[in-house]
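J.: Just one file: target_0.cif, with mmCIF, C-alpha atoms.
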data_coords
loop_
_atom_site.label_atom_id
_atom_site.label_comp_id
_atom_site.auth_asym_id
_atom_site.auth_seq_id
_atom_site.Cartn_x
_atom_site.Cartn_y
_atom_site.Cartn_z
CA ARG A 238 0.00 0.00 0.00
CA ALA A 239 2.82 2.38 0.84
CA ARG A 240 4.38 1.75 -2.57
CA ALA A 241 1.00 2.15 -4.28
CA ARG A 242 0.61 5.59 -2.71
CA ARG A 243 3.98 6.60 -4.15
CA VAL A 244 2.55 6.58 -7.71
CA ARG A 245 3.21 10.10 -8.98
CA VAL A 246 0.84 11.98 -11.31
CA GLU A 247 2.53 14.77 -13.27
CA VAL A 248 0.37 17.52 -14.77
CA SER A 249 1.86 18.78 -18.07
CA SER A 250 -1.01 21.06 -19.16
CA PRO A 251 -4.46 22.06 -17.82
CA GLY A 252 -6.96 19.19 -18.12
CA ARG A 253 -4.38 16.59 -19.11
CA ALA A 254 -2.68 14.15 -16.70
CA ARG A 255 0.14 11.72 -17.25
CA THR A 256 1.11 8.74 -15.02
CA ASP A 257 4.71 7.67 -14.79
CA HIS A 258 4.40 3.87 -14.34
CA THR A 259 7.89 2.89 -15.40
CA ARG A 260 9.55 5.19 -12.93
CA CYS A 261 7.33 3.89 -10.12
CA LEU A 262 8.14 0.24 -10.87
CA ASP A 263 11.84 1.01 -11.20
CA ASP A 264 11.81 2.71 -7.79
CA ASP A 265 10.08 -0.33 -6.25
CA ARG A 266 12.60 -2.74 -7.78
CA HIS A 267 15.45 -0.59 -6.54
CA ALA A 268 14.00 -0.45 -3.04
CA LEU A 269 13.49 -4.24 -2.95
CA ARG A 270 17.03 -4.90 -4.14
CA THR A 271 18.40 -2.53 -1.51
CA ARG A 272 16.43 -4.21 1.28
CA SER A 273 17.54 -7.68 0.15
CA ALA A 274 21.14 -6.49 0.25
CA PHE A 275 20.71 -5.40 3.86
CA GLY A 276 18.94 -8.66 4.77
CA SER A 277 15.39 -7.40 5.22
CA PHE A 278 14.02 -10.16 3.02
CA ALA A 279 15.56 -12.37 0.40
CA LYS A 280 13.22 -12.07 -2.67
CA PRO A 281 10.88 -9.41 -4.00
CA ASN A 282 7.24 -10.16 -3.36
CA ASN A 283 5.18 -10.47 -6.60
CA ALA A 284 1.96 -9.58 -4.74
CA GLU A 285 3.32 -6.15 -3.92
CA PHE A 286 4.19 -5.55 -7.58
CA SER A 287 0.69 -6.54 -8.65
CA THR A 288 -0.78 -4.10 -6.10
CA THR A 289 1.33 -1.30 -7.60
CA ARG A 290 0.20 -2.12 -11.11
CA ARG A 291 -3.49 -2.13 -10.09
CA ALA A 292 -3.12 1.26 -8.41
CA ALA A 293 -1.43 2.72 -11.50
CA SER A 294 -4.14 1.41 -13.83
CA ALA A 295 -6.82 2.91 -11.55
CA VAL A 296 -5.16 6.34 -11.82
CA ASP A 297 -5.01 5.91 -15.63
CA ALA A 298 -8.73 5.18 -15.78
CA ARG A 299 -9.59 8.28 -13.76
CA SER A 300 -7.41 10.55 -15.92
CA ALA A 301 -8.82 9.11 -19.19
CA SER A 302 -12.40 9.63 -18.01
CA SER A 303 -11.64 13.27 -17.19
CA ARG A 304 -10.25 13.85 -20.71
CA THR A 305 -13.13 12.14 -22.58
CA PRO A 306 -15.83 14.58 -23.88
CA ARG A 307 -19.38 14.18 -22.75
CA GLY A 308 -21.44 11.73 -24.77
CA GLU A 309 -18.37 9.73 -25.87
CA SER A 310 -16.79 6.66 -24.41
CA SER A 311 -13.09 6.34 -23.70
CA THR A 312 -12.69 3.93 -26.61
CA ASP A 313 -14.44 6.21 -29.12
CA ALA A 314 -12.55 9.37 -28.27
CA PRO A 315 -9.20 8.52 -29.88
CA ARG A 316 -10.90 7.33 -33.04
CA ASN A 317 -12.89 10.56 -33.39
CA ARG A 318 -9.85 12.69 -32.71
CA THR A 319 -7.92 10.86 -35.41
CA LYS A 320 -10.64 11.51 -37.96
CA THR A 321 -10.78 15.21 -37.08
CA SER A 322 -7.02 15.69 -37.35
CA SER A 323 -6.86 13.91 -40.69
CA ALA A 324 -9.66 16.10 -42.04
CA MET A 325 -7.90 19.26 -40.89
CA THR A 326 -4.55 18.29 -42.47
CA LYS A 327 -6.05 17.33 -45.81
CA PRO A 328 -4.41 19.48 -48.55
CA MET A 329 -6.59 21.94 -50.46
CA HIS A 330 -6.03 22.16 -54.25
CA LYS A 331 -7.21 24.84 -56.64
CA ARG A 332 -9.74 23.85 -59.25
CA GLU A 333 -8.11 23.19 -62.60
CA ALA A 334 -9.69 23.22 -66.02
CA PRO A 335 -9.75 19.89 -67.88
CA ARG A 336 -7.08 19.36 -70.48
CA GLY A 337 -8.02 20.29 -74.00
CA VAL A 338 -10.70 22.74 -72.82
CA GLY A 339 -10.28 26.36 -71.79
CA VAL A 340 -7.69 29.02 -72.36
CA GLY A 341 -4.79 26.71 -73.08
CA SER A 342 -6.41 24.91 -76.00
CA ASP A 343 -7.78 28.16 -77.44
CA LYS A 344 -4.33 29.72 -77.31
CA GLN A 345 -2.79 26.66 -78.96
CA ARG A 346 -5.34 26.73 -81.78
CA ALA A 347 -4.77 30.47 -82.21
CA ASP A 348 -1.01 29.96 -82.46
CA GLU A 349 -1.47 27.22 -85.06
CA THR A 350 -3.80 29.29 -87.25
CA ALA A 351 -1.97 32.64 -86.79
CA VAL A 352 -0.24 34.28 -89.75
CA ASP A 353 3.29 35.64 -89.56
CA LEU A 354 2.57 39.19 -90.65
CA ILE A 355 6.22 40.21 -90.87
CA ASP A 356 6.94 37.31 -93.19
CA LYS A 357 3.92 38.13 -95.36
CA LEU A 358 5.12 41.73 -95.71
CA GLY A 359 8.64 40.60 -96.59
CA GLY A 360 10.22 42.12 -93.51
CA TYR A 361 12.72 39.34 -92.80
CA GLU A 362 14.46 40.04 -96.11
CA ASN A 363 14.74 43.77 -95.35
CA MET A 364 16.25 43.88 -91.87
CA ILE A 365 17.75 47.29 -91.14
CA SER A 366 19.43 46.69 -87.80
CA GLN A 367 19.45 44.46 -84.73
CA GLY A 368 20.09 45.44 -81.15
CA ALA A 369 20.00 43.89 -77.72
CA GLU A 370 16.22 44.23 -77.40
CA GLY A 371 14.92 43.57 -80.90
CA ARG A 372 15.18 43.77 -84.68
CA VAL A 373 14.07 46.50 -87.06
CA PHE A 374 12.61 45.71 -90.49
CA ALA A 375 11.54 47.89 -93.39
CA VAL A 376 8.11 46.98 -94.82
CA THR A 377 5.16 48.50 -96.67
CA PHE A 378 2.13 48.56 -94.39
CA LEU A 379 -1.22 49.67 -95.84
CA THR A 380 0.52 51.20 -98.88
CA LYS A 381 2.74 53.29 -96.59
CA PRO A 382 6.48 52.87 -95.92
CA ALA A 383 6.76 51.58 -92.39
CA ILE A 384 9.24 50.30 -89.84
CA VAL A 385 8.64 47.17 -87.77
CA LYS A 386 10.35 46.87 -84.41
CA GLN A 387 10.06 43.33 -83.09
CA ARG A 388 11.21 42.19 -79.67
CA PHE A 389 12.58 38.67 -79.89
CA LYS A 390 12.55 36.02 -77.16
CA LYS A 391 15.42 35.79 -74.68
CA THR A 392 16.33 32.12 -74.30
CA TYR A 393 18.35 32.68 -71.11
CA ARG A 394 15.19 33.74 -69.24
CA HIS A 395 12.32 31.58 -68.07
CA PRO A 396 9.61 31.54 -70.77
CA THR A 397 6.89 32.88 -68.45
CA LEU A 398 9.12 35.64 -67.10
CA ASP A 399 10.34 36.53 -70.58
CA ALA A 400 6.78 36.81 -71.88
CA LYS A 401 5.78 39.14 -69.03
CA ILE A 402 8.83 41.39 -69.40
CA THR A 403 8.50 41.59 -73.19
CA ARG A 404 4.80 42.38 -72.95
CA ALA A 405 5.37 45.10 -70.35
CA ARG A 406 8.10 46.76 -72.41
CA LEU A 407 6.01 46.59 -75.56
CA VAL A 408 3.09 48.30 -73.85
CA GLY A 409 5.39 50.83 -72.20
CA GLU A 410 7.03 51.85 -75.46
CA THR A 411 3.67 52.21 -77.20
CA ARG A 412 2.30 54.43 -74.46
CA ALA A 413 5.48 56.52 -74.38
CA LEU A 414 5.22 57.16 -78.13
CA ILE A 415 1.62 58.31 -77.81
CA ARG A 416 2.35 60.46 -74.78
CA ALA A 417 5.35 62.13 -76.43
CA ARG A 418 3.24 63.13 -79.43
CA ARG A 419 0.61 64.60 -77.12
CA LEU A 420 3.35 66.70 -75.49
CA GLY A 421 4.31 68.10 -78.88
CA VAL A 422 7.45 66.03 -79.40
CA PRO A 423 7.92 64.86 -83.02
CA THR A 424 8.00 61.06 -83.09
CA PRO A 425 7.15 58.45 -85.75
CA SER A 426 3.42 57.87 -86.18
CA LEU A 427 2.13 54.67 -84.60
CA LEU A 428 0.39 52.45 -87.17
CA TYR A 429 -0.22 49.06 -85.56
CA VAL A 430 0.76 46.96 -82.52
CA ASP A 431 1.00 43.18 -82.89
CA ALA A 432 0.91 41.74 -79.38
CA ARG A 433 1.31 38.15 -80.60
CA GLN A 434 4.59 38.84 -82.40
CA ASN A 435 5.65 41.61 -79.98
CA ALA A 436 6.02 44.05 -82.86
CA ILE A 437 5.28 47.75 -83.34
CA TYR A 438 4.56 49.17 -86.79
CA MET A 439 5.62 52.80 -87.11
CA GLU A 440 6.04 55.42 -89.77
CA ARG A 441 9.32 55.25 -91.65
CA VAL A 442 11.16 58.56 -91.23
CA ALA A 443 13.49 59.42 -94.09
CA GLY A 444 16.35 60.95 -92.16
CA ARG A 445 19.83 60.40 -90.84
CA THR A 446 20.93 59.95 -87.28
CA LEU A 447 22.61 62.80 -85.46
CA LYS A 448 25.53 60.48 -84.77
CA GLU A 449 26.33 60.21 -88.48
CA LEU A 450 26.09 63.96 -88.99
CA ILE A 451 28.43 64.69 -86.09
CA ARG A 452 31.01 62.27 -87.46
CA GLU A 453 30.83 63.82 -90.90
CA GLY A 454 30.94 67.34 -89.53
CA MET A 455 28.19 69.93 -89.11
CA SER A 456 28.16 73.63 -89.78
CA GLU A 457 27.59 76.10 -86.98
CA ALA A 458 24.16 77.01 -88.35
CA ASP A 459 23.09 73.36 -88.38
CA MET A 460 24.42 72.84 -84.84
CA GLU A 461 22.47 75.84 -83.62
CA SER A 462 19.26 74.75 -85.36
CA VAL A 463 19.46 71.10 -84.34
CA GLY A 464 20.53 71.90 -80.77
CA THR A 465 17.67 74.35 -80.34
CA GLN A 466 15.09 71.79 -81.44
CA VAL A 467 16.56 69.01 -79.31
CA GLY A 468 16.58 71.23 -76.21
CA LYS A 469 13.00 72.31 -76.81
CA HIS A 470 11.70 68.76 -77.27
CA VAL A 471 13.60 67.33 -74.28
CA ALA A 472 12.29 70.14 -72.07
CA ALA A 473 8.72 69.41 -73.23
CA MET A 474 9.14 65.73 -72.34
CA HIS A 475 10.65 66.39 -68.93
CA ASP A 476 8.06 68.99 -67.96
CA GLY A 477 5.36 66.50 -68.99
CA GLY A 478 6.82 63.79 -66.72
CA LEU A 479 8.30 61.61 -69.48
CA ILE A 480 11.90 60.36 -69.34
CA HIS A 481 13.39 59.01 -72.56
CA GLY A 482 15.89 56.69 -70.86
CA ASP A 483 18.20 56.33 -73.88
CA LEU A 484 18.69 59.86 -75.15
CA THR A 485 21.69 59.29 -77.45
CA THR A 486 22.59 60.66 -80.87
CA SER A 487 21.60 57.31 -82.42
CA ASN A 488 17.99 57.90 -81.34
CA ILE A 489 17.74 61.42 -82.82
CA LEU A 490 16.92 61.63 -86.50
CA VAL A 491 17.60 64.77 -88.54
CA VAL A 492 15.31 65.20 -91.55
CA ARG A 493 15.89 67.80 -94.27
CA ASP A 494 12.68 68.81 -96.05
CA GLU A 495 13.63 69.80 -99.58
CA ASP A 496 11.60 72.62 -101.11
CA VAL A 497 10.23 71.39 -104.46
CA ASP A 498 9.23 74.84 -105.69
CA GLU A 499 12.73 76.23 -105.13
CA PRO A 500 15.27 73.63 -106.20
CA LYS A 501 18.19 75.98 -105.47
CA ASN A 502 17.37 75.85 -101.76
CA ALA A 503 18.20 72.17 -101.48
CA ALA A 504 19.63 72.50 -97.95
CA ALA A 505 16.46 73.45 -96.09
CA LYS A 506 16.10 73.84 -92.34
CA PRO A 507 16.66 70.46 -90.62
CA ARG A 508 13.88 68.89 -88.59
CA VAL A 509 14.49 66.71 -85.52
CA VAL A 510 12.56 63.50 -84.75
CA LEU A 511 13.06 61.44 -81.57
CA ILE A 512 12.86 57.65 -81.83
CA ASP A 513 13.28 54.49 -79.71
CA PHE A 514 11.24 54.93 -76.54
CA GLY A 515 11.86 51.36 -75.41
CA LEU A 516 13.45 52.45 -72.11
CA ALA A 517 11.12 55.40 -71.47
CA SER A 518 9.48 55.87 -68.09
CA ASN A 519 7.15 58.25 -66.30
CA SER A 520 8.92 60.33 -63.69
CA ILE A 521 9.04 63.87 -62.34
CA VAL A 522 12.18 63.32 -60.23
CA PRO A 523 14.97 65.80 -61.10
CA GLU A 524 17.54 63.00 -60.73
CA ASP A 525 16.07 61.14 -63.72
CA LYS A 526 16.03 64.32 -65.79
CA GLY A 527 19.65 64.99 -64.90
CA VAL A 528 20.63 61.48 -65.99
CA ASP A 529 18.84 62.02 -69.31
CA LEU A 530 20.81 65.23 -69.91
CA TYR A 531 24.08 63.60 -68.88
CA VAL A 532 23.60 60.72 -71.34
CA LEU A 533 22.88 63.24 -74.08
CA GLU A 534 26.02 65.22 -73.22
CA ARG A 535 28.24 62.13 -73.32
CA ALA A 536 26.75 61.14 -76.67
CA ILE A 537 27.13 64.59 -78.27
CA THR A 538 30.56 65.60 -77.02
CA VAL A 539 32.40 62.75 -78.72
CA THR A 540 34.26 65.41 -80.69
CA HIS A 541 35.44 68.80 -79.53
CA ALA A 542 33.65 70.59 -82.36
CA ALA A 543 30.25 69.27 -81.22
CA GLY A 544 30.50 71.14 -77.94
CA ARG A 545 28.53 74.04 -79.44
CA LEU A 546 25.70 71.68 -80.25
CA PHE A 547 25.23 70.73 -76.59
CA GLU A 548 25.51 74.36 -75.52
CA ALA A 549 22.60 75.17 -77.81
CA VAL A 550 20.66 72.26 -76.30
CA MET A 551 21.12 73.50 -72.73
CA ARG A 552 20.39 77.11 -73.64
CA GLU A 553 17.07 76.22 -75.27
CA TYR A 554 16.22 73.77 -72.48
CA LYS A 555 16.55 76.60 -69.97
CA LYS A 556 14.23 78.80 -72.02
CA ALA A 557 11.56 76.18 -72.68
CA SER A 558 11.45 74.39 -69.31
CA GLY A 559 9.76 75.77 -66.25
CA LEU A 560 11.64 73.34 -63.98
CA TRP A 561 15.11 73.78 -65.41
CA SER A 562 16.79 74.80 -62.12
CA ALA A 563 16.31 71.48 -60.30
CA SER A 564 17.18 69.54 -63.46
CA PHE A 565 20.41 71.50 -63.95
CA ASN A 566 21.46 71.01 -60.31
CA LYS A 567 20.98 67.24 -60.55
CA PHE A 568 22.71 67.24 -63.92
CA ALA A 569 25.78 68.83 -62.30
CA GLU A 570 25.76 66.20 -59.53
CA VAL A 571 25.43 63.34 -61.99
CA ARG A 572 28.23 64.80 -64.08
CA MET A 573 30.55 64.92 -61.07
CA ARG A 574 29.75 61.31 -60.21
CA GLY A 575 30.47 60.29 -63.80
CA ARG A 576 33.80 62.07 -63.85
CA LYS A 577 34.91 60.44 -60.60
CA ARG A 578 33.98 57.04 -61.94
CA SER A 579 35.91 57.64 -65.18
CA MET A 580 38.96 58.80 -63.18
CA ILE A 581 38.90 55.74 -60.92
CA GLY A 582 38.25 53.41 -63.84
#
Can you turn what I pasted into C-alpha cells?
T.:
Amino acid sequence: RARARRVRVEVSSPGRARTDHTRCLDDDRHALRTRSAFGSFAKPNNAEFSTTRRAASAVDARSASSRTPRGESSTDAPRNRTKTSSAMTKPMHKREAPRGVGVGSDKQRADETAVDLIDKLGGYENMISQGAEGRVFAVTFLTKPAIVKQRFKKTYRHPTLDAKITRARLVGETRALIRARRLGVPTPSLLYVDARQNAIYMERVAGRTLKELIREGMSEADMESVGTQVGKHVAAMHDGGLIHGDLTTSNILVVRDEDVDEPKNAAAKPRVVLIDFGLASNSIVPEDKGVDLYVLERAITVTHAAGRLFEAVMREYKKASGLWSASFNKFAEVRMRGRKRSMIG
C-alpha cells in the first residue's frame, strides 16, 4: 500500500494528466534490491508488484475519463480525434480546367492558325538593324512605308518571365510614343501593334541619325538649329513627366525637307525626330532628368567641335522648361559622379 501511494501523477497542461508507471516500478525494484542487500528479506514479493500495477491502472482510468468529452466513451474518443485531425490536415487544391478545354487549348489553336505578318510583308528580307532588345525591319504597311520593331525572345530567361517582361516593355514603349506626341514632341506615327509577335509598326522617317552627322561634320548654323530643337523637345518631355531613358545621338533623326518649288534651296532647315522609346518611363524626379541630360552630353561631345551643339541644347532647355533649375542642379551632380567614376576606372 505504501508503494502504491507513491505513484506520482505529473500535470503537463491544464486538463491533461500523465502517469509515470515505469519510474514507479523502477523505484520499487530498486527499493526491494536494496532491502535484500541489507537482509530485510531475500526475494521481492510479486503480490506487492501486482498491487502497484493495479493502483497505477486505476489512476489511468480516472485521468482518461476526465479527458473524454461528454457523450463519448473512452474507446471512441481517440478514433474521433484521429478523424478530425486527418480532415484538418487534408491538402486543399485549386480547381483546374480539364485538359483540352479552356484558355490553353484556345491559345494553342490560335497559335497554329496565326499568320506571320512580318513574313507576309517581306520584312525578314529587309532587316535594317538588330540590337540587344529587338530587330528593325523595313516593310510597306497599308501602302505606306513603315518600320517594324520586333522584340525577340530571350532564351536565357524563363519563358513565363520573358513573356511578361516583353509584354510590359512593348506596352510601355507604345504608351510613351503616344504620350510624347501629345506633349508636342515629333515622333514616328504609330500604325499598328501586334501583341502576338511583340512588334510595333511605325512610320518610316526618311532621315539620318545625329551620330552620323556629327562624325561627318556639321556647320555652326546646323548645330544651332538642331541643338535648339533638341533642347526644346527634351524640355517638353521632362516637364510632362516623361523620361526618354536612352537619349543618345543614335535615337535622334535629322530630316531635311527639300523645297520642291525652289530647287536651289536644297539644304532646307533640318527637322528633328526622336525615336526608340523602349526604355522610357514616367517620372518627375529631377535625378532622372539629370541622368537624361548627362547621357545626351556624353553622346554629343564625342568630338570637340560638337560642344557648341550641346551648348545650344542646354540654352534652349533653360528657355523652354519651367523646372530647369532642379534639373540642372541634378545634372551637375550626376556629371561629377560620372567624372569620378571615369577617373577611378
J.: For Asn363 (chain A), please output as a list of chain:residue names all residues within 12 Å (counting only C-alpha atoms; exclusion window: fewer than 2 positions along the same chain).
T.: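 Answer for this query is A:Ile355, A:Asp356, A:Leu358, A:Gly359, A:Gly360, A:Tyr361, A:Ile365, A:Ser366, A:Gln367, A:Arg372, A:Val373, A:Phe374, A:Ala375, A:Val376, A:Thr377, A:Ala383, A:Ile384, A:Val385.
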J.: Suppose you want the space between CA of Asp353 (chain A) and CA of Leu414 (chain A); what is it in Å?
T.: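 Atom-to-atom, CA of Asp353 (chain A) to CA of Leu414 (chain A), that is 24.4 Å.
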J.: Taking only C-alpha atoms into account, name the residue in A:Ala543, A:Ala557, A:Ala549, A:Ala458 that is nearest to His475 (chain A).
T.: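 Of the candidates, the smallest distance to His475 (chain A) is held by A:Ala557.
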J.: Determine the residue set returned by the PyMOL selection byres ((chain A and resi 570-572) around 12) for the present structure, and present it as a short mmCIF file (atom, residue, chain, number, x, y, z; two decimals) with C-alpha atoms, in the frame of the given file.
T.:
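Result saved to out-v2.cif:
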data_model
loop_
_atom_site.label_atom_id
_atom_site.label_comp_id
_atom_site.auth_asym_id
_atom_site.auth_seq_id
_atom_site.Cartn_x
_atom_site.Cartn_y
_atom_site.Cartn_z
CA PRO A 523 14.97 65.80 -61.10
CA GLU A 524 17.54 63.00 -60.73
CA ASP A 525 16.07 61.14 -63.72
CA LYS A 526 16.03 64.32 -65.79
CA GLY A 527 19.65 64.99 -64.90
CA VAL A 528 20.63 61.48 -65.99
CA ASP A 529 18.84 62.02 -69.31
CA LEU A 530 20.81 65.23 -69.91
CA TYR A 531 24.08 63.60 -68.88
CA VAL A 532 23.60 60.72 -71.34
CA LEU A 533 22.88 63.24 -74.08
CA GLU A 534 26.02 65.22 -73.22
CA ARG A 535 28.24 62.13 -73.32
CA ALA A 563 16.31 71.48 -60.30
CA SER A 564 17.18 69.54 -63.46
CA PHE A 565 20.41 71.50 -63.95
CA ASN A 566 21.46 71.01 -60.31
CA LYS A 567 20.98 67.24 -60.55
CA PHE A 568 22.71 67.24 -63.92
CA ALA A 569 25.78 68.83 -62.30
CA MET A 573 30.55 64.92 -61.07
CA ARG A 574 29.75 61.31 -60.21
CA GLY A 575 30.47 60.29 -63.80
CA ARG A 576 33.80 62.07 -63.85
CA LYS A 577 34.91 60.44 -60.60
CA ARG A 578 33.98 57.04 -61.94
CA SER A 579 35.91 57.64 -65.18
#
J.: If you measure from CA of Gly368 (chain A) to CA of Ala432 (chain A), what distance in Å do you get, rounded to one decimal?
T.: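 Going from CA of Gly368 (chain A) over to CA of Ala432 (chain A) covers 19.6 Å.
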J.: Suppose a student applies the PyMOL selection byres ((chain A and resi 408) around 10) to this structure; what residues should they get, written as a PDB file with C-alpha atoms, in the coordinates of the input?
T.:
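Result saved to result00.pdb:
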ATOM      1  CA  THR A 403       8.500  41.590 -73.190  1.00  0.00           C
ATOM      2  CA  ARG A 404       4.800  42.380 -72.950  1.00  0.00           C
ATOM      3  CA  ALA A 405       5.370  45.100 -70.350  1.00  0.00           C
ATOM      4  CA  ARG A 406       8.100  46.760 -72.410  1.00  0.00           C
ATOM      5  CA  LEU A 407       6.010  46.590 -75.560  1.00  0.00           C
ATOM      6  CA  GLY A 409       5.390  50.830 -72.200  1.00  0.00           C
ATOM      7  CA  GLU A 410       7.030  51.850 -75.460  1.00  0.00           C
ATOM      8  CA  THR A 411       3.670  52.210 -77.200  1.00  0.00           C
ATOM      9  CA  ARG A 412       2.300  54.430 -74.460  1.00  0.00           C
ATOM     10  CA  ALA A 413       5.480  56.520 -74.380  1.00  0.00           C
ATOM     11  CA  VAL A 430       0.760  46.960 -82.520  1.00  0.00           C
ATOM     12  CA  ALA A 432       0.910  41.740 -79.380  1.00  0.00           C
ATOM     13  CA  ASN A 435       5.650  41.610 -79.980  1.00  0.00           C
ATOM     14  CA  ILE A 437       5.280  47.750 -83.340  1.00  0.00           C
ATOM     15  CA  GLY A 515      11.860  51.360 -75.410  1.00  0.00           C
TER      16      GLY A 515
END
J.: Every residue with an atom at most 6 Å from (6.2, 73.2, -64.4) (file coordinates; all atoms listed in the file) is what I'm after, so could you write them as a short mmCIF file (atom, residue, chain, number, x, y, z; two decimals) with C-alpha atoms, in the frame of the given file?
T.:
data_model
loop_
_atom_site.label_atom_id
_atom_site.label_comp_id
_atom_site.auth_asym_id
_atom_site.auth_seq_id
_atom_site.Cartn_x
_atom_site.Cartn_y
_atom_site.Cartn_z
CA ASP A 476 8.06 68.99 -67.96
CA GLY A 559 9.76 75.77 -66.25
CA LEU A 560 11.64 73.34 -63.98
#
J.: Find, counting all atoms listed in the file, the residue in A:Arg441, A:Lys357, A:Arg433, A:Lys390 that gets nearest to Leu490 (chain A).
T.: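 Looking at the shortest contact to Leu490 (chain A), the residue is A:Arg441.
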J.: Counting only C-alpha atoms, what is within 12 Å of Asn488 (chain A), bar same-chain residues fewer than 4 positions away, as a ChimeraX atom specification?
T.: /A:424-425,444-449,467,481-484,509-516,532-533,536-537
J.: What is the CA of Thr486 (chain A)-CA of Val539 (chain A) distance in Å, reported with one decimal?
T.: 10.3 Å
J.: Given only C-alpha atoms as the basis, pick out the residue of A:Pro382, A:Gly421, A:Gly478, A:Pro396 nearest to Met439 (chain A).
T.: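 Checking each of A:Pro382, A:Gly421, A:Gly478, A:Pro396 against Met439 (chain A), counting only C-alpha atoms, the winner is A:Pro382.
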